[in-house]
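Structure data (mmCIF, C-alpha atoms) from model-v5.cif:
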```
data_structure
#
loop_
_atom_site.group_PDB
_atom_site.id
_atom_site.type_symbol
_atom_site.label_atom_id
_atom_site.label_comp_id
_atom_site.auth_asym_id
_atom_site.auth_seq_id
_atom_site.Cartn_x
_atom_site.Cartn_y
_atom_site.Cartn_z
ATOM 1 C CA MET A 15 92.909 8.000 83.711
ATOM 2 C CA ASP A 16 93.595 5.747 80.810
ATOM 3 C CA THR A 17 97.329 5.775 80.308
ATOM 4 C CA HIS A 18 97.565 2.996 77.779
ATOM 5 C CA ASN A 19 100.203 3.486 75.211
ATOM 6 C CA ILE A 20 99.183 5.534 72.278
ATOM 7 C CA ARG A 21 101.907 5.680 69.698
ATOM 8 C CA LEU A 22 102.365 9.095 68.152
ATOM 9 C CA ARG A 23 104.290 9.981 65.053
ATOM 10 C CA VAL A 24 106.187 13.066 66.250
ATOM 11 C CA TRP A 25 109.335 13.569 64.172
ATOM 12 C CA ASP A 26 109.043 13.129 60.426
ATOM 13 C CA LEU A 27 111.864 11.520 58.447
ATOM 14 C CA PRO A 28 113.342 14.789 57.069
ATOM 15 C CA THR A 29 113.492 16.244 60.602
ATOM 16 C CA ARG A 30 115.247 13.138 61.944
ATOM 17 C CA LEU A 31 117.708 12.987 59.058
ATOM 18 C CA PHE A 32 118.377 16.695 59.522
ATOM 19 C CA HIS A 33 118.984 16.202 63.235
ATOM 20 C CA TRP A 34 121.532 13.392 62.927
ATOM 21 C CA LEU A 35 123.300 14.855 59.893
ATOM 22 C CA LEU A 36 123.590 18.124 61.828
ATOM 23 C CA VAL A 37 125.125 16.178 64.721
ATOM 24 C CA ALA A 38 127.616 14.537 62.350
ATOM 25 C CA SER A 39 128.565 17.721 60.492
ATOM 26 C CA PHE A 40 128.885 19.768 63.697
ATOM 27 C CA ILE A 41 131.096 17.166 65.403
ATOM 28 C CA THR A 42 133.222 16.855 62.243
ATOM 29 C CA ALA A 43 133.639 20.628 61.983
ATOM 30 C CA PHE A 44 134.391 20.940 65.698
ATOM 31 C CA VAL A 45 137.091 18.261 65.864
ATOM 32 C CA THR A 46 138.805 19.480 62.681
ATOM 33 C CA SER A 47 138.754 23.146 63.710
ATOM 34 C CA GLU A 48 142.270 23.278 65.141
ATOM 35 C CA SER A 49 144.178 21.756 62.231
ATOM 36 C CA GLU A 50 145.259 23.298 58.937
ATOM 37 C CA LYS A 51 145.889 19.784 57.592
ATOM 38 C CA LEU A 52 142.201 19.006 58.048
ATOM 39 C CA ARG A 53 141.057 22.425 56.831
ATOM 40 C CA ASP A 54 139.367 21.045 53.683
ATOM 41 C CA ILE A 55 137.347 18.551 55.763
ATOM 42 C CA HIS A 56 136.387 21.390 58.112
ATOM 43 C CA VAL A 57 135.183 23.517 55.207
ATOM 44 C CA VAL A 58 133.138 20.678 53.679
ATOM 45 C CA ALA A 59 131.585 19.974 57.097
ATOM 46 C CA GLY A 60 130.777 23.678 57.434
ATOM 47 C CA TYR A 61 129.075 23.884 54.026
ATOM 48 C CA THR A 62 127.127 20.730 54.869
ATOM 49 C CA LEU A 63 126.022 22.244 58.167
ATOM 50 C CA ALA A 64 124.983 25.486 56.433
ATOM 51 C CA GLY A 65 122.990 23.552 53.829
ATOM 52 C CA LEU A 66 121.257 21.552 56.563
ATOM 53 C CA LEU A 67 120.324 24.738 58.437
ATOM 54 C CA VAL A 68 118.860 26.299 55.302
ATOM 55 C CA PHE A 69 116.816 23.121 54.772
ATOM 56 C CA ARG A 70 115.603 23.280 58.399
ATOM 57 C CA LEU A 71 114.549 26.924 58.027
ATOM 58 C CA VAL A 72 112.406 25.960 55.039
ATOM 59 C CA TRP A 73 111.140 22.799 56.736
ATOM 60 C CA GLY A 74 110.112 24.911 59.729
ATOM 61 C CA PHE A 75 107.443 26.435 57.493
ATOM 62 C CA VAL A 76 106.454 23.596 55.179
ATOM 63 C CA GLY A 77 107.261 20.461 57.204
ATOM 64 C CA SER A 78 104.818 18.249 59.047
ATOM 65 C CA GLY A 79 103.153 19.092 62.390
ATOM 66 C CA TYR A 80 105.762 19.074 65.126
ATOM 67 C CA SER A 81 108.604 20.215 62.867
ATOM 68 C CA ARG A 82 106.953 23.586 62.172
ATOM 69 C CA PHE A 83 108.270 26.656 63.959
ATOM 70 C CA ALA A 84 104.733 27.879 64.589
ATOM 71 C CA GLN A 85 104.039 24.676 66.537
ATOM 72 C CA PHE A 86 106.807 25.283 69.092
ATOM 73 C CA LEU A 87 107.348 29.040 68.947
ATOM 74 C CA PRO A 88 108.274 29.808 72.563
ATOM 75 C CA THR A 89 106.401 32.793 74.017
ATOM 76 C CA PRO A 90 107.780 34.321 77.246
ATOM 77 C CA GLN A 91 104.600 33.180 79.042
ATOM 78 C CA LYS A 92 104.981 29.559 77.922
ATOM 79 C CA LEU A 93 108.653 29.604 78.854
ATOM 80 C CA VAL A 94 108.001 31.003 82.355
ATOM 81 C CA ASP A 95 105.168 28.503 82.959
ATOM 82 C CA TYR A 96 107.364 25.635 81.827
ATOM 83 C CA LEU A 97 110.359 26.653 83.949
ATOM 84 C CA LYS A 98 108.061 27.135 86.960
ATOM 85 C CA SER A 99 106.620 23.648 86.454
ATOM 86 C CA LEU A 100 110.183 22.276 86.305
ATOM 87 C CA MET A 101 111.139 23.958 89.567
ATOM 88 C CA GLU A 102 107.994 22.719 91.262
ATOM 89 C CA GLY A 103 108.971 19.214 90.225
ATOM 90 C CA ARG A 104 105.849 18.758 88.119
ATOM 91 C CA PRO A 105 107.167 19.410 84.623
ATOM 92 C CA GLN A 106 104.592 20.121 81.949
ATOM 93 C CA HIS A 107 104.773 17.495 79.257
ATOM 94 C CA TYR A 108 105.009 18.469 75.628
ATOM 95 C CA VAL A 109 104.811 15.957 72.831
ATOM 96 C CA GLY A 110 106.956 18.101 70.556
ATOM 97 C CA HIS A 111 109.563 20.597 71.719
ATOM 98 C CA ASN A 112 109.048 22.049 75.188
ATOM 99 C CA PRO A 113 109.474 25.863 75.438
ATOM 100 C CA ALA A 114 112.987 25.666 76.924
ATOM 101 C CA GLY A 115 114.051 23.242 74.219
ATOM 102 C CA ALA A 116 112.486 25.511 71.616
ATOM 103 C CA VAL A 117 114.581 28.462 72.815
ATOM 104 C CA ALA A 118 117.676 26.270 72.526
ATOM 105 C CA ILE A 119 116.698 25.266 68.987
ATOM 106 C CA PHE A 120 116.317 28.836 67.782
ATOM 107 C CA LEU A 121 119.603 29.809 69.455
ATOM 108 C CA LEU A 122 121.270 26.801 67.831
ATOM 109 C CA LEU A 123 119.906 27.715 64.395
ATOM 110 C CA GLY A 124 121.035 31.340 64.896
ATOM 111 C CA CYS A 125 124.525 30.438 66.142
ATOM 112 C CA GLY A 126 124.851 27.877 63.346
ATOM 113 C CA LEU A 127 124.029 30.448 60.676
ATOM 114 C CA VAL A 128 126.442 32.993 62.218
ATOM 115 C CA ALA A 129 129.158 30.318 62.453
ATOM 116 C CA SER A 130 128.579 29.282 58.816
ATOM 117 C CA LEU A 131 128.620 32.804 57.402
ATOM 118 C CA SER A 132 131.580 33.997 59.489
ATOM 119 C CA GLY A 133 133.435 30.779 58.671
ATOM 120 C CA TRP A 134 132.894 31.334 54.983
ATOM 121 C CA ALA A 135 134.032 34.970 55.327
ATOM 122 C CA THR A 136 137.159 33.940 57.245
ATOM 123 C CA TYR A 137 137.994 31.315 54.633
ATOM 124 C CA GLU A 138 137.604 33.927 51.878
ATOM 125 C CA ASP A 139 139.794 36.374 53.834
ATOM 126 C CA LEU A 140 136.938 38.799 54.408
ATOM 127 C CA GLY A 141 136.366 40.591 57.690
ATOM 128 C CA GLY A 142 139.775 39.837 59.212
ATOM 129 C CA HIS A 143 140.356 39.063 62.854
ATOM 130 C CA PHE A 144 136.830 40.089 63.859
ATOM 131 C CA MET A 145 135.277 37.398 61.621
ATOM 132 C CA GLU A 146 137.670 34.795 63.010
ATOM 133 C CA GLU A 147 136.645 35.678 66.580
ATOM 134 C CA LEU A 148 132.953 35.744 65.636
ATOM 135 C CA HIS A 149 133.326 32.324 63.996
ATOM 136 C CA GLU A 150 134.919 30.781 67.064
ATOM 137 C CA GLY A 151 132.480 32.503 69.405
ATOM 138 C CA ALA A 152 129.451 31.256 67.459
ATOM 139 C CA ALA A 153 130.857 27.716 67.250
ATOM 140 C CA ASN A 154 131.612 27.659 70.979
ATOM 141 C CA GLY A 155 128.115 29.027 71.590
ATOM 142 C CA MET A 156 126.724 26.116 69.567
ATOM 143 C CA MET A 157 128.749 23.645 71.616
ATOM 144 C CA ALA A 158 127.465 25.202 74.862
ATOM 145 C CA ILE A 159 123.857 24.887 73.633
ATOM 146 C CA VAL A 160 124.501 21.302 72.515
ATOM 147 C CA VAL A 161 125.791 20.409 75.994
ATOM 148 C CA ILE A 162 122.673 21.974 77.590
ATOM 149 C CA HIS A 163 120.471 20.252 74.999
ATOM 150 C CA VAL A 164 121.955 16.819 75.717
ATOM 151 C CA ALA A 165 121.656 17.405 79.479
ATOM 152 C CA GLY A 166 118.036 18.484 78.939
ATOM 153 C CA VAL A 167 117.334 15.325 76.945
ATOM 154 C CA VAL A 168 118.782 13.118 79.680
ATOM 155 C CA VAL A 169 116.887 14.900 82.486
ATOM 156 C CA SER A 170 113.671 15.081 80.488
ATOM 157 C CA SER A 171 113.872 11.411 79.478
ATOM 158 C CA TRP A 172 114.235 10.495 83.127
ATOM 159 C CA LEU A 173 111.514 12.852 84.426
ATOM 160 C CA HIS A 174 108.957 11.735 81.867
ATOM 161 C CA GLN A 175 110.134 8.128 81.652
ATOM 162 C CA GLU A 176 110.443 8.239 77.891
ATOM 163 C CA ASN A 177 113.437 7.619 75.653
ATOM 164 C CA LEU A 178 113.811 10.867 73.727
ATOM 165 C CA VAL A 179 116.912 9.725 71.847
ATOM 166 C CA LEU A 180 115.036 6.713 70.521
ATOM 167 C CA ALA A 181 112.162 9.007 69.531
ATOM 168 C CA MET A 182 114.560 11.087 67.427
ATOM 169 C CA ILE A 183 115.695 7.860 65.712
ATOM 170 C CA THR A 184 112.326 6.192 65.110
ATOM 171 C CA GLY A 185 110.100 9.277 65.065
ATOM 172 C CA TRP A 186 107.604 7.642 67.447
ATOM 173 C CA LYS A 187 106.689 8.618 70.969
ATOM 174 C CA LYS A 188 104.447 6.885 73.456
ATOM 175 C CA ALA A 189 101.828 9.270 74.729
ATOM 176 C CA LYS A 190 100.632 8.833 78.264
ATOM 177 C CA GLY A 191 98.886 11.495 80.333
ATOM 178 C CA THR A 192 99.961 13.850 77.652
ATOM 179 C CA LYS A 193 98.937 17.409 77.131
ATOM 180 C CA PHE A 194 98.381 17.501 73.398
ATOM 181 C CA GLN A 195 99.965 20.687 72.206
ATOM 182 C CA MET B 6 136.193 64.023 85.537
ATOM 183 C CA ARG B 7 135.514 60.506 86.732
ATOM 184 C CA HIS B 8 134.524 59.507 83.217
ATOM 185 C CA ILE B 9 137.731 60.832 81.804
ATOM 186 C CA LEU B 10 139.667 58.790 84.342
ATOM 187 C CA ILE B 11 137.710 55.663 83.485
ATOM 188 C CA ILE B 12 138.241 56.179 79.764
ATOM 189 C CA ALA B 13 141.945 56.836 80.306
ATOM 190 C CA THR B 14 142.237 53.649 82.362
ATOM 191 C CA LEU B 15 140.449 51.638 79.699
ATOM 192 C CA LEU B 16 142.669 53.054 76.965
ATOM 193 C CA GLY B 17 145.694 52.258 79.106
ATOM 194 C CA ALA B 18 144.491 48.681 79.554
ATOM 195 C CA THR B 19 143.942 48.245 75.805
ATOM 196 C CA GLY B 20 147.356 49.729 75.154
ATOM 197 C CA ALA B 21 148.893 47.206 77.511
ATOM 198 C CA LEU B 22 147.349 44.337 75.520
ATOM 199 C CA ALA B 23 149.058 45.369 72.299
ATOM 200 C CA GLU B 24 152.459 43.737 72.071
ATOM 201 C CA THR B 25 155.408 44.121 69.778
ATOM 202 C CA PRO B 26 157.287 41.214 68.167
ATOM 203 C CA ARG B 27 160.249 41.967 70.479
ATOM 204 C CA ASP B 28 157.997 41.443 73.513
ATOM 205 C CA PHE B 29 157.321 37.903 72.304
ATOM 206 C CA LEU B 30 161.023 37.214 71.803
ATOM 207 C CA ALA B 31 161.662 38.442 75.364
ATOM 208 C CA ARG B 32 158.795 36.367 76.739
ATOM 209 C CA PHE B 33 159.866 33.119 75.028
ATOM 210 C CA GLU B 34 163.511 33.631 76.026
ATOM 211 C CA LYS B 35 162.409 34.184 79.607
ATOM 212 C CA GLU B 36 160.218 31.048 79.522
ATOM 213 C CA ALA B 37 163.065 29.036 77.983
ATOM 214 C CA GLY B 38 165.582 30.441 80.452
ATOM 215 C CA ALA B 39 168.083 30.796 77.616
ATOM 216 C CA SER B 40 168.769 33.221 74.804
ATOM 217 C CA ALA B 41 167.518 32.596 71.293
ATOM 218 C CA SER B 42 169.563 31.545 68.290
ATOM 219 C CA VAL B 43 168.837 33.022 64.865
ATOM 220 C CA ALA B 44 170.595 30.128 63.104
ATOM 221 C CA ARG B 45 168.666 27.502 65.042
ATOM 222 C CA GLY B 46 165.432 29.377 64.297
ATOM 223 C CA ALA B 47 166.210 29.371 60.568
ATOM 224 C CA SER B 48 166.835 25.637 60.377
ATOM 225 C CA PHE B 49 163.869 24.835 62.635
ATOM 226 C CA PHE B 50 161.576 26.903 60.418
ATOM 227 C CA THR B 51 162.711 25.538 57.065
ATOM 228 C CA ALA B 52 163.283 21.847 57.862
ATOM 229 C CA ARG B 53 160.621 19.275 58.573
ATOM 230 C CA GLN B 54 160.513 18.211 62.208
ATOM 231 C CA GLY B 55 159.295 14.646 61.732
ATOM 232 C CA GLY B 56 155.920 15.688 60.351
ATOM 233 C CA GLU B 57 154.713 16.029 56.800
ATOM 234 C CA TRP B 58 155.052 19.831 56.804
ATOM 235 C CA SER B 59 157.629 22.368 57.914
ATOM 236 C CA CYS B 60 156.749 25.966 58.825
ATOM 237 C CA ALA B 61 158.058 26.874 55.377
ATOM 238 C CA SER B 62 155.518 24.569 53.685
ATOM 239 C CA CYS B 63 153.004 27.406 54.087
ATOM 240 C CA HIS B 64 155.085 30.454 55.065
ATOM 241 C CA THR B 65 157.907 29.819 52.502
ATOM 242 C CA GLU B 66 161.598 29.759 53.361
ATOM 243 C CA ARG B 67 161.599 33.533 53.058
ATOM 244 C CA PRO B 68 158.630 34.684 55.179
ATOM 245 C CA THR B 69 159.018 38.318 54.176
ATOM 246 C CA GLN B 70 157.107 37.095 51.129
ATOM 247 C CA PRO B 71 153.478 36.030 51.072
ATOM 248 C CA GLY B 72 152.946 32.310 51.610
ATOM 249 C CA ARG B 73 150.503 29.763 50.284
ATOM 250 C CA HIS B 74 148.405 27.347 52.354
ATOM 251 C CA ALA B 75 149.758 23.839 51.716
ATOM 252 C CA LYS B 76 146.274 22.342 51.823
ATOM 253 C CA THR B 77 143.875 24.957 50.468
ATOM 254 C CA ASP B 78 146.291 26.978 48.293
ATOM 255 C CA LYS B 79 144.964 30.206 49.847
ATOM 256 C CA ALA B 80 147.294 33.209 50.038
ATOM 257 C CA ILE B 81 148.910 33.840 53.446
ATOM 258 C CA GLN B 82 150.171 37.289 54.409
ATOM 259 C CA PRO B 83 153.928 37.546 55.124
ATOM 260 C CA LEU B 84 154.874 36.324 58.599
ATOM 261 C CA ALA B 85 158.050 38.352 59.187
ATOM 262 C CA PRO B 86 157.338 41.563 61.149
ATOM 263 C CA ALA B 87 159.518 43.592 58.755
ATOM 264 C CA ALA B 88 157.094 42.802 55.936
ATOM 265 C CA ASN B 89 153.843 42.779 57.920
ATOM 266 C CA GLY B 90 153.267 45.133 60.843
ATOM 267 C CA GLU B 91 150.235 43.198 62.088
ATOM 268 C CA ARG B 92 152.195 40.055 62.941
ATOM 269 C CA PHE B 93 153.037 39.315 66.575
ATOM 270 C CA THR B 94 151.020 42.161 68.086
ATOM 271 C CA ASN B 95 148.340 40.143 69.900
ATOM 272 C CA VAL B 96 149.041 37.592 72.617
ATOM 273 C CA ALA B 97 145.897 35.503 72.105
ATOM 274 C CA LYS B 98 146.468 35.295 68.371
ATOM 275 C CA VAL B 99 150.148 34.386 68.686
ATOM 276 C CA ASP B 100 149.449 31.687 71.281
ATOM 277 C CA LYS B 101 146.588 30.271 69.209
ATOM 278 C CA TRP B 102 148.571 30.010 65.988
ATOM 279 C CA PHE B 103 151.706 28.609 67.634
ATOM 280 C CA ARG B 104 149.478 25.957 69.244
ATOM 281 C CA ARG B 105 147.732 25.047 65.984
ATOM 282 C CA ASN B 106 150.701 25.231 63.649
ATOM 283 C CA CYS B 107 153.099 23.402 65.976
ATOM 284 C CA ASN B 108 150.565 20.577 66.245
ATOM 285 C CA ASP B 109 150.266 20.464 62.453
ATOM 286 C CA THR B 110 154.016 20.421 61.800
ATOM 287 C CA LEU B 111 155.443 18.655 64.858
ATOM 288 C CA ASN B 112 152.442 16.727 66.180
ATOM 289 C CA ARG B 113 153.187 18.380 69.519
ATOM 290 C CA LEU B 114 153.450 21.846 71.008
ATOM 291 C CA CYS B 115 156.609 23.877 70.447
ATOM 292 C CA SER B 116 158.982 24.457 73.340
ATOM 293 C CA ALA B 117 159.644 27.996 74.527
ATOM 294 C CA GLN B 118 163.189 27.659 73.152
ATOM 295 C CA GLU B 119 161.886 26.717 69.680
ATOM 296 C CA LYS B 120 159.498 29.666 69.688
ATOM 297 C CA ALA B 121 162.250 32.025 70.869
ATOM 298 C CA ASP B 122 164.575 30.808 68.085
ATOM 299 C CA VAL B 123 161.886 31.251 65.417
ATOM 300 C CA MET B 124 161.043 34.725 66.734
ATOM 301 C CA ALA B 125 164.717 35.725 66.660
ATOM 302 C CA TRP B 126 165.078 34.516 63.074
ATOM 303 C CA LEU B 127 161.861 36.211 61.921
ATOM 304 C CA LEU B 128 163.019 39.467 63.530
ATOM 305 C CA SER B 129 166.379 39.200 61.761
ATOM 306 C CA LEU B 130 164.727 39.147 58.329
ATOM 307 C CA LYS B 131 164.635 42.495 56.593
#
```
Kindly present the structure from the file in structure tokens form.
Amino acid sequence: MDTHNIRLRVWDLPTRLFHWLLVASFITAFVTSESEKLRDIHVVAGYTLAGLLVFRLVWGFVGSGYSRFAQFLPTPQKLVDYLKSLMEGRPQHYVGHNPAGAVAIFLLLGCGLVASLSGWATYEDLGGHFMEELHEGAANGMMAIVVIHVAGVVVSSWLHQENLVLAMITGWKKAKGTKFQ
Amino acid sequence: MRHILIIATLLGATGALAETPRDFLARFEKEAGASASVARGASFFTARQGGEWSCASCHTERPTQPGRHAKTDKAIQPLAPAANGERFTNVAKVDKWFRRNCNDTLNRLCSAQEKADVMAWLLSLK
């Protein structure tokens, strides 16, 4: 089989900017969460994160190829097939998001929206203790997904011998023996 | 019958989680191994402890009154139990806010003795 490098444009610029700005705003919000002195920074980071998520929801419908939700919508069948292929040590290769990654992305978007809305409500003194708990739960949920996501990127980069972090910076991936989907 | 027992046990467990402000005073005194001082609590609360803020920066020197967030200017409900029945009734909440607010005002955690003193002073306010 011809496995010469074909360079593929996978992540468009808005998707990449969104990704790294989301990283920055989430880390900023997370590390300032415990301090009242840094509360204003936390709130600005939270609004930024919410704005980024709203952009991503729109971009999921109008963005280019691999950034569209329809392109990586994980069906239970796709997810089971993918996880099976992982366990058999012959992981299916996806150019865009693999089904497990796609599940993580939707969970991350969901948790992020819950964290943003409950954070806003807490800041405006609406919803009381419940909102505060929901806010912290959603944010911790996001952090858990981020940890799994980063682990997945490391494992996946190693299994498929491709630098996924670099791909999220440059937008390009090398395609070899790739299943185009 | 079994269901009633289960429900009663659950209610009992929830009841056990609810604390009173006096329970916290007792707990901190026990942890400190010494009794609390109202006077020490008052000066600890109102004076700066090396940091930029004191407790009173947000909670005022008279915490039976509402306070104001020193950074965001948001209203803060009174801290003294006499003025606000919701204060010091939940272990997780009390531990969380002592941890956060001590770090903001002292750049370290509060000792059990400091918390006991503050509790004693807050309980003395009418």
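Near chain B, within 8 Å and counting all atoms listed in the file, the residues of chain A are A:Glu48, A:Ser49, A:Glu50, A:Lys51, A:Arg53, A:Asp54.
Take the candidates B:Glu91, B:Asp122, B:Asp78, B:Asp100 and check each one against Thr25 in chain B using all atoms listed in the file; the shortest distance goes to B:Glu91.
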Give the answer as one residue: which of A:Pro88, A:Trp25, A:Ser170, A:Leu31 has the shortest atom-to-atom distance to Gln106 in chain A, using only C-alpha atoms?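 Looking at the shortest contact to Gln106 in chain A, the residue is A:Ser170.
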For the point (122.7, 26.7, 65.2) in the file's frame, write as a ChimeraX atom specification all residues with an atom no more than 12 Å away, counting all atoms listed in the file. /A:33,36-37,39-40,60,63-68,70-71,117-131,152-160,163
At a cut-off of 7 Å, using only C-alpha atoms, what residues contact Pro68 in chain B? Leave out same-chain residues fewer than 5 positions from it and give the result as a PDB file with C-alpha atoms, keeping the file's coordinate frame.
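Saved result, out-v9.pdb, follows:
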```
ATOM      1  CA  PRO B  83     153.928  37.546  55.124  1.00  0.00           C
ATOM      2  CA  LEU B  84     154.874  36.324  58.599  1.00  0.00           C
ATOM      3  CA  ALA B  85     158.050  38.352  59.187  1.00  0.00           C
TER       4      ALA B  85
END
```
Let me know the centre plus edge lengths, in Å and rounded to one decimal, of a box with edges along x, y and z that contains all listed atoms of range 115-129 of chain B and is padded by 8 Å on every side, as JSON.
```
{"center_x": 161.5, "center_y": 31.7, "center_z": 68.1, "size_x": 25.8, "size_y": 31.6, "size_z": 28.8}
```
Could you check the closest approach to Leu111 in chain B for each of B:Gly72, B:Pro86, B:Gly56, B:Pro26 and tell me which residue wins, using only C-alpha atoms?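 Of all the options, B:Gly56 lies closest to Leu111 in chain B.
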Identify, on the basis of only C-alpha atoms, every residue whose closest approach to range 32-44 of chain B does not exceed 12 Å; exclude the query and any residue fewer than 2 positions from it along the same chain; express the result as an mmCIF file with C-alpha atoms, in the frame of the given file.
```
data_model
loop_
_atom_site.group_PDB
_atom_site.id
_atom_site.type_symbol
_atom_site.label_atom_id
_atom_site.label_comp_id
_atom_site.auth_asym_id
_atom_site.auth_seq_id
_atom_site.Cartn_x
_atom_site.Cartn_y
_atom_site.Cartn_z
ATOM 1 C CA GLU B 24 152.459 43.737 72.071
ATOM 2 C CA THR B 25 155.408 44.121 69.778
ATOM 3 C CA PRO B 26 157.287 41.214 68.167
ATOM 4 C CA ARG B 27 160.249 41.967 70.479
ATOM 5 C CA ASP B 28 157.997 41.443 73.513
ATOM 6 C CA PHE B 29 157.321 37.903 72.304
ATOM 7 C CA LEU B 30 161.023 37.214 71.803
ATOM 8 C CA GLY B 46 165.432 29.377 64.297
ATOM 9 C CA ALA B 47 166.210 29.371 60.568
ATOM 10 C CA SER B 48 166.835 25.637 60.377
ATOM 11 C CA PHE B 49 163.869 24.835 62.635
ATOM 12 C CA PHE B 50 161.576 26.903 60.418
ATOM 13 C CA THR B 51 162.711 25.538 57.065
ATOM 14 C CA VAL B 96 149.041 37.592 72.617
ATOM 15 C CA VAL B 99 150.148 34.386 68.686
ATOM 16 C CA ASP B 100 149.449 31.687 71.281
ATOM 17 C CA PHE B 103 151.706 28.609 67.634
ATOM 18 C CA CYS B 115 156.609 23.877 70.447
ATOM 19 C CA SER B 116 158.982 24.457 73.340
ATOM 20 C CA ALA B 117 159.644 27.996 74.527
ATOM 21 C CA GLN B 118 163.189 27.659 73.152
ATOM 22 C CA GLU B 119 161.886 26.717 69.680
ATOM 23 C CA LYS B 120 159.498 29.666 69.688
ATOM 24 C CA ALA B 121 162.250 32.025 70.869
ATOM 25 C CA ASP B 122 164.575 30.808 68.085
ATOM 26 C CA VAL B 123 161.886 31.251 65.417
ATOM 27 C CA MET B 124 161.043 34.725 66.734
ATOM 28 C CA ALA B 125 164.717 35.725 66.660
ATOM 29 C CA TRP B 126 165.078 34.516 63.074
ATOM 30 C CA LEU B 127 161.861 36.211 61.921
ATOM 31 C CA LEU B 128 163.019 39.467 63.530
ATOM 32 C CA SER B 129 166.379 39.200 61.761
ATOM 33 C CA LEU B 130 164.727 39.147 58.329
#
```
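Nearest-residue note for Leu87 in chain A: choosing from A:Leu100, A:Ala38, A:Ala116, A:Thr62, the minimum distance belongs to A:Ala116, counting only C-alpha atoms.
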Separation of CA of Tyr61 in chain A from CA of Thr46 in chain A, in Å and rounded to one decimal: 13.7 Å
One number please: CA of Asn95 in chain B to CA of Ala23 in chain B, in Å, one decimal.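 Pair CA of Asn95 in chain B / CA of Ala23 in chain B returns 5.8 Å.
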What gap, in Å, lies between CA of Cys60 in chain B and CA of Gln82 in chain B? 13.8 Å
Starting from the PyMOL selection byres ((chain A and resi 78) around 10), expand the selection into actual residues of this file and give them as a PDB file with C-alpha atoms, in the frame of the given file.
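Produced file result-v3.pdb, reproduced below:
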```pdb
ATOM      1  CA  VAL A  24     106.187  13.066  66.250  1.00  0.00           C
ATOM      2  CA  TRP A  25     109.335  13.569  64.172  1.00  0.00           C
ATOM      3  CA  ASP A  26     109.043  13.129  60.426  1.00  0.00           C
ATOM      4  CA  LEU A  27     111.864  11.520  58.447  1.00  0.00           C
ATOM      5  CA  PRO A  28     113.342  14.789  57.069  1.00  0.00           C
ATOM      6  CA  THR A  29     113.492  16.244  60.602  1.00  0.00           C
ATOM      7  CA  TRP A  73     111.140  22.799  56.736  1.00  0.00           C
ATOM      8  CA  GLY A  74     110.112  24.911  59.729  1.00  0.00           C
ATOM      9  CA  PHE A  75     107.443  26.435  57.493  1.00  0.00           C
ATOM     10  CA  VAL A  76     106.454  23.596  55.179  1.00  0.00           C
ATOM     11  CA  GLY A  77     107.261  20.461  57.204  1.00  0.00           C
ATOM     12  CA  GLY A  79     103.153  19.092  62.390  1.00  0.00           C
ATOM     13  CA  TYR A  80     105.762  19.074  65.126  1.00  0.00           C
ATOM     14  CA  SER A  81     108.604  20.215  62.867  1.00  0.00           C
ATOM     15  CA  ARG A  82     106.953  23.586  62.172  1.00  0.00           C
ATOM     16  CA  GLN A  85     104.039  24.676  66.537  1.00  0.00           C
TER      17      GLN A  85
END
```
Which residue out of A:Ser47, A:Ser171, A:Asn112, A:Thr184 has the minimum interatomic distance to Lys92 in chain A when only C-alpha atoms are used?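 For Lys92 in chain A, the nearest of the candidates is A:Asn112.
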For a quick check of understanding, using all atoms listed in the file, which of A:Trp186, A:Val94, A:Ala43, A:Gly115 has the smallest distance to Ala165 in chain A?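 For Ala165 in chain A, the nearest of the given residues is A:Gly115.
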